[in-house]
Amino acid sequence: MPAQTHLFLCLSDNYGVLIHDPATGATAAIDAPEAGAVSAALDATGWKLTDILITHHHGDHTAGVPELKARYGCRVTAPAHEKSPIADVDVSVGEGDPVRVGSLNAKVIATPGHTIGHIAYWFPDSEIAFVGDTLFSIGCGRLFESTAETMWNSLLKLRALPDDTLIYCGHEYTLSNIRFALTIEPDNAALKRRAEEANRLRAAGKPTVPSLLGQEKLANPFLRADVPEVAAAVRLAGKPAAQVFGELRHRKDRF
Ligand code: ZN
Ligand code: FE
């Protein structure tokens with residue numbers, strides 16, 4: 001039976017997601033921005049929380065863990081190599097480790113950059129990846145704890161997933177990301193299509209998340225640092241992709 005998901009807003013612009021295995025009833029929360037919003041989502045779906053899968057140590061992804069664990073007795077899986085400790089972790093995981101939610105299988109992809117221990121959870125059979133604050137729709141996370149080269153290599157790992165993969169990211173930043181992306185590739189047809197779609201969704205009060213990896217590859221400049229036109233747009237034609245990526249991230253930081 002295919003996995004079911006439920007996306008909901010937390011705090012001001014964070015997304016929480018539940019992934020549910022109908023075969024066993026197991027349900028995981030991807031990150032725990034706030035306990036109340038996760039509990040409300042569980043009440044709305046009628047699903048029972050068995051797992052929390054944490055992508056990175058930042059408070060807007062972990063603050064709800066202690067209260068949710070106390071309330072539901074769920075198992076908490078979190079990255080093994082973070083700089084700051086995460087409360088109440090049961091299982092620490094890193095690159096390539098398998099994670100199970102009932103009968104659903106996920107694989108951990110180490111994606112250092114935003115934080116040094118950041119991980120993504122890829123559910124290959126469900127064609128879903130939970131990427132936290134590494135990759136956003138038409139954007140990427142800020143480089144708080146690593147170099148541009150490290151983050152670029154993490155993005156390459158995500159870019160290598162199948163095009164049909166649904167990307168669930170940690171924040172609704174899409175419109176602001178699109179405004180920046182259009183300064184880099186104003187004539188990119190896939191980006192212009194995404195801009196129209198995102199504007200329509202946001203005007204209707206709907207999320208722009210999840211997005212398809214295949215579309216991100218065509219429209220997200222941070223996945224396109226090795227495209228000659230993108231390098232030329234930041235006056236770094238012929239330079240290494242990691243350097244182009246670093247310049248894109250630097251410009252976005254000041255945008
Ligand atoms: Zn973060
Ligand atoms: Fe965040």
# chains A, B, ... in the order shown; residues from 1 in each chain; ligands from 1
>>> residues_near_ligand(ligand="ligand 1", cutoff="10 Å", atoms="only C-alpha atoms and all ligand atoms", output="list of chain:residue names")
A:Asn14, A:Thr55, A:His56, A:His57, A:His58, A:Gly59, A:Asp60, A:His61, A:Thr62, A:His114, A:Thr115, A:His118, A:Gly132, A:Asp133, A:Thr134, A:Gly141, A:Arg142, A:Leu143, A:Phe144, A:Gly170, A:His171
>>> residues_around(residues="region 26-33 of chain A", least_positions_apart="3", cutoff="9 Å", atoms="only C-alpha atoms", output="PyMOL selection string")
chain A and resi 10-11+14-23+37-38+47-56+59-65+68+74+101-104+121+130+132+170
>>> residues_around(residues="region 204-221 of chain A", least_positions_apart="4", cutoff="8 Å", atoms="only C-alpha atoms", output="PyMOL selection string")
chain A and resi 137-139+159+161-169+172+174+181+184-185+188+190-191+194+198+200+225+230+248
>>> residues_around(residues="Phe255 (chain A)", least_positions_apart="5", cutoff="10 Å", atoms="only C-alpha atoms", output="list in words")
Ser176, Asn177, Arg179, Phe180, Thr183, Arg249 and His250 of chain A
>>> closest_residue(among="A:Ala44, A:Ala80, A:Val131, A:Ile86", to="ligand 2", atoms="only C-alpha atoms and all ligand atoms")
A:Val131
>>> select_by_dssp(residues="region 68-230 of chain A", states="strand (DSSP E)", output="PyMOL selection string")
chain A and resi 75-79+91-93+98-101+104-110+119-123+128-132+135-136+139-140+166-169+211-212
>>> write_last_selection(atoms="N, CA and C atoms", output="mmCIF file, in the first residue's frame")
data_model
loop_
_atom_site.group_PDB
_atom_site.id
_atom_site.type_symbol
_atom_site.label_atom_id
_atom_site.label_comp_id
_atom_site.auth_asym_id
_atom_site.auth_seq_id
_atom_site.Cartn_x
_atom_site.Cartn_y
_atom_site.Cartn_z
ATOM 1 N N ARG A 75 9.395 6.888 18.835
ATOM 2 C CA ARG A 75 10.843 6.745 18.684
ATOM 3 C C ARG A 75 11.385 7.954 17.913
ATOM 4 N N VAL A 76 12.506 8.498 18.398
ATOM 5 C CA VAL A 76 13.079 9.698 17.765
ATOM 6 C C VAL A 76 14.382 9.331 17.052
ATOM 7 N N THR A 77 14.401 9.562 15.744
ATOM 8 C CA THR A 77 15.584 9.311 14.923
ATOM 9 C C THR A 77 16.157 10.659 14.502
ATOM 10 N N ALA A 78 17.464 10.811 14.617
ATOM 11 C CA ALA A 78 18.075 12.117 14.361
ATOM 12 C C ALA A 78 19.496 11.935 13.835
ATOM 13 N N PRO A 79 20.046 12.997 13.214
ATOM 14 C CA PRO A 79 21.399 12.891 12.666
ATOM 15 C C PRO A 79 22.445 12.651 13.753
ATOM 16 N N VAL A 91 17.609 6.952 18.174
ATOM 17 C CA VAL A 91 18.417 6.341 17.123
ATOM 18 C C VAL A 91 19.168 7.440 16.380
ATOM 19 N N SER A 92 20.497 7.332 16.341
ATOM 20 C CA SER A 92 21.308 8.299 15.606
ATOM 21 C C SER A 92 21.720 7.687 14.277
ATOM 22 N N VAL A 93 21.520 8.425 13.197
ATOM 23 C CA VAL A 93 21.761 7.862 11.866
ATOM 24 C C VAL A 93 22.632 8.778 11.018
ATOM 25 N N PRO A 98 19.607 2.675 6.912
ATOM 26 C CA PRO A 98 18.189 2.444 6.642
ATOM 27 C C PRO A 98 17.331 2.929 7.806
ATOM 28 N N VAL A 99 16.161 3.456 7.493
ATOM 29 C CA VAL A 99 15.182 3.867 8.514
ATOM 30 C C VAL A 99 13.854 3.245 8.113
ATOM 31 N N ARG A 100 13.154 2.660 9.072
ATOM 32 C CA ARG A 100 11.855 2.066 8.764
ATOM 33 C C ARG A 100 10.759 2.796 9.509
ATOM 34 N N VAL A 101 9.658 3.045 8.817
ATOM 35 C CA VAL A 101 8.437 3.556 9.456
ATOM 36 C C VAL A 101 7.372 2.519 9.149
ATOM 37 N N LEU A 104 7.388 0.938 5.671
ATOM 38 C CA LEU A 104 7.997 1.874 4.712
ATOM 39 C C LEU A 104 9.505 1.955 4.959
ATOM 40 N N ASN A 105 10.256 1.898 3.883
ATOM 41 C CA ASN A 105 11.714 1.947 3.988
ATOM 42 C C ASN A 105 12.250 3.276 3.494
ATOM 43 N N ALA A 106 13.124 3.856 4.315
ATOM 44 C CA ALA A 106 13.812 5.080 3.912
ATOM 45 C C ALA A 106 15.309 4.862 4.016
ATOM 46 N N LYS A 107 16.022 5.718 3.307
ATOM 47 C CA LYS A 107 17.476 5.703 3.366
ATOM 48 C C LYS A 107 17.941 7.100 3.760
ATOM 49 N N VAL A 108 18.927 7.155 4.629
ATOM 50 C CA VAL A 108 19.461 8.442 5.059
ATOM 51 C C VAL A 108 20.509 8.928 4.048
ATOM 52 N N ILE A 109 20.362 10.188 3.645
ATOM 53 C CA ILE A 109 21.358 10.828 2.785
ATOM 54 C C ILE A 109 21.977 11.962 3.594
ATOM 55 N N ALA A 110 23.271 11.897 3.830
ATOM 56 C CA ALA A 110 23.952 12.986 4.544
ATOM 57 C C ALA A 110 24.026 14.193 3.626
ATOM 58 N N ILE A 119 20.744 15.837 7.600
ATOM 59 C CA ILE A 119 20.444 14.648 6.794
ATOM 60 C C ILE A 119 19.082 14.807 6.112
ATOM 61 N N ALA A 120 18.913 14.047 5.031
ATOM 62 C CA ALA A 120 17.617 13.942 4.348
ATOM 63 C C ALA A 120 17.156 12.495 4.469
ATOM 64 N N TYR A 121 15.837 12.301 4.395
ATOM 65 C CA TYR A 121 15.254 10.962 4.436
ATOM 66 C C TYR A 121 14.605 10.694 3.088
ATOM 67 N N TRP A 122 15.092 9.681 2.385
ATOM 68 C CA TRP A 122 14.584 9.331 1.061
ATOM 69 C C TRP A 122 13.804 8.020 1.145
ATOM 70 N N PHE A 123 12.527 8.085 0.749
ATOM 71 C CA PHE A 123 11.666 6.895 0.699
ATOM 72 C C PHE A 123 11.548 6.491 -0.775
ATOM 73 N N ILE A 128 9.545 9.853 -2.443
ATOM 74 C CA ILE A 128 9.463 11.046 -1.598
ATOM 75 C C ILE A 128 10.827 11.258 -0.942
ATOM 76 N N ALA A 129 11.267 12.526 -0.876
ATOM 77 C CA ALA A 129 12.452 12.855 -0.084
ATOM 78 C C ALA A 129 12.126 14.033 0.829
ATOM 79 N N PHE A 130 12.461 13.884 2.098
ATOM 80 C CA PHE A 130 12.301 14.958 3.080
ATOM 81 C C PHE A 130 13.670 15.593 3.265
ATOM 82 N N VAL A 131 13.810 16.826 2.801
ATOM 83 C CA VAL A 131 15.147 17.410 2.674
ATOM 84 C C VAL A 131 15.430 18.534 3.670
ATOM 85 N N GLY A 132 14.507 18.773 4.607
ATOM 86 C CA GLY A 132 14.760 19.758 5.660
ATOM 87 C C GLY A 132 15.087 21.125 5.102
ATOM 88 N N LEU A 135 17.549 21.786 0.673
ATOM 89 C CA LEU A 135 16.997 22.201 -0.624
ATOM 90 C C LEU A 135 15.605 22.764 -0.382
ATOM 91 N N PHE A 136 15.352 23.973 -0.868
ATOM 92 C CA PHE A 136 14.001 24.520 -0.861
ATOM 93 C C PHE A 136 13.496 24.570 -2.296
ATOM 94 N N GLY A 139 15.194 27.244 -4.154
ATOM 95 C CA GLY A 139 16.214 27.813 -3.289
ATOM 96 C C GLY A 139 17.004 26.728 -2.584
ATOM 97 N N CYS A 140 17.817 27.157 -1.627
ATOM 98 C CA CYS A 140 18.522 26.204 -0.771
ATOM 99 C C CYS A 140 18.769 26.869 0.573
ATOM 100 N N LEU A 166 9.201 13.425 -5.094
ATOM 101 C CA LEU A 166 8.545 14.587 -4.493
ATOM 102 C C LEU A 166 9.434 15.123 -3.381
ATOM 103 N N ILE A 167 9.747 16.416 -3.452
ATOM 104 C CA ILE A 167 10.646 17.048 -2.494
ATOM 105 C C ILE A 167 9.820 17.804 -1.445
ATOM 106 N N TYR A 168 9.908 17.347 -0.212
ATOM 107 C CA TYR A 168 9.288 18.066 0.905
ATOM 108 C C TYR A 168 10.387 18.825 1.643
ATOM 109 N N CYS A 169 10.304 20.155 1.637
ATOM 110 C CA CYS A 169 11.321 20.958 2.318
ATOM 111 C C CYS A 169 10.737 21.558 3.596
ATOM 112 N N SER A 211 7.408 19.776 -4.191
ATOM 113 C CA SER A 211 7.646 20.009 -5.615
ATOM 114 C C SER A 211 8.366 18.799 -6.189
ATOM 115 N N LEU A 212 8.329 18.679 -7.504
ATOM 116 C CA LEU A 212 8.980 17.546 -8.175
ATOM 117 C C LEU A 212 10.448 17.861 -8.431
#
>>> select_by_dssp(residues="region 9-250 of chain A", states="alpha helix (DSSP H)", output="count of residues only")
84
>>> closest_residue(among="A:Ala148, A:Leu201, A:Ala160, A:Ala237", to="Leu175 (chain A)", atoms="only C-alpha atoms")
A:Leu201
>>> closest_residue(among="A:Glu229, A:Ala195, A:Glu145, A:Tyr173", to="ligand 2", atoms="only C-alpha atoms and all ligand atoms")
A:Tyr173
>>> closest_residue(among="A:Gly117, A:Pro240, A:Pro228, A:Gly46", to="Gly94 (chain A)", atoms="only C-alpha atoms")
A:Gly117
>>> closest_residue(among="A:Gly25, A:Asp13, A:Ala3, A:Leu42", to="ligand 2", atoms="only C-alpha atoms and all ligand atoms")
A:Asp13
>>> closest_residue(among="A:Lys192, A:Arg71, A:Lys252, A:His6", to="Gly36 (chain A)", atoms="only C-alpha atoms")
A:Arg71
>>> residues_around(residues="Asp226 (chain A)", least_positions_apart="6", cutoff="10 Å", atoms="only C-alpha atoms", output="PyMOL selection string")
chain A and resi 237-245
>>> write_last_selection(atoms="N, CA, C and O atoms", output="PDB file, in the first residue's frame")
ATOM      1  N   ALA A 237      31.939  32.437 -15.729  1.00  0.00           N
ATOM      2  CA  ALA A 237      31.977  31.454 -16.821  1.00  0.00           C
ATOM      3  C   ALA A 237      33.263  30.633 -16.750  1.00  0.00           C
ATOM      4  O   ALA A 237      34.351  31.192 -16.567  1.00  0.00           O
ATOM      5  N   GLY A 238      33.110  29.314 -16.844  1.00  0.00           N
ATOM      6  CA  GLY A 238      34.271  28.433 -16.854  1.00  0.00           C
ATOM      7  C   GLY A 238      34.821  28.086 -15.484  1.00  0.00           C
ATOM      8  O   GLY A 238      35.746  27.291 -15.371  1.00  0.00           O
ATOM      9  N   LYS A 239      34.266  28.691 -14.436  1.00  0.00           N
ATOM     10  CA  LYS A 239      34.774  28.414 -13.082  1.00  0.00           C
ATOM     11  C   LYS A 239      34.102  27.164 -12.515  1.00  0.00           C
ATOM     12  O   LYS A 239      33.045  26.736 -12.977  1.00  0.00           O
ATOM     13  N   PRO A 240      34.703  26.568 -11.465  1.00  0.00           N
ATOM     14  CA  PRO A 240      34.118  25.360 -10.870  1.00  0.00           C
ATOM     15  C   PRO A 240      32.701  25.615 -10.342  1.00  0.00           C
ATOM     16  O   PRO A 240      32.398  26.706  -9.846  1.00  0.00           O
ATOM     17  N   ALA A 241      31.856  24.586 -10.460  1.00  0.00           N
ATOM     18  CA  ALA A 241      30.453  24.721 -10.060  1.00  0.00           C
ATOM     19  C   ALA A 241      30.319  25.129  -8.593  1.00  0.00           C
ATOM     20  O   ALA A 241      29.440  25.923  -8.248  1.00  0.00           O
ATOM     21  N   ALA A 242      31.190  24.610  -7.732  1.00  0.00           N
ATOM     22  CA  ALA A 242      31.085  24.950  -6.306  1.00  0.00           C
ATOM     23  C   ALA A 242      31.301  26.449  -6.089  1.00  0.00           C
ATOM     24  O   ALA A 242      30.676  27.060  -5.217  1.00  0.00           O
ATOM     25  N   GLN A 243      32.189  27.041  -6.910  1.00  0.00           N
ATOM     26  CA  GLN A 243      32.436  28.480  -6.801  1.00  0.00           C
ATOM     27  C   GLN A 243      31.225  29.267  -7.306  1.00  0.00           C
ATOM     28  O   GLN A 243      30.828  30.266  -6.697  1.00  0.00           O
ATOM     29  N   VAL A 244      30.636  28.801  -8.379  1.00  0.00           N
ATOM     30  CA  VAL A 244      29.419  29.441  -8.902  1.00  0.00           C
ATOM     31  C   VAL A 244      28.304  29.325  -7.865  1.00  0.00           C
ATOM     32  O   VAL A 244      27.598  30.303  -7.573  1.00  0.00           O
ATOM     33  N   PHE A 245      28.160  28.139  -7.303  1.00  0.00           N
ATOM     34  CA  PHE A 245      27.147  27.944  -6.272  1.00  0.00           C
ATOM     35  C   PHE A 245      27.369  28.909  -5.103  1.00  0.00           C
ATOM     36  O   PHE A 245      26.436  29.549  -4.600  1.00  0.00           O
TER      37      PHE A 245
END
>>> atom_distance(atom1="CA of Ser146 (chain A)", atom2="CA of Glu82 (chain A)")
12.0 Å
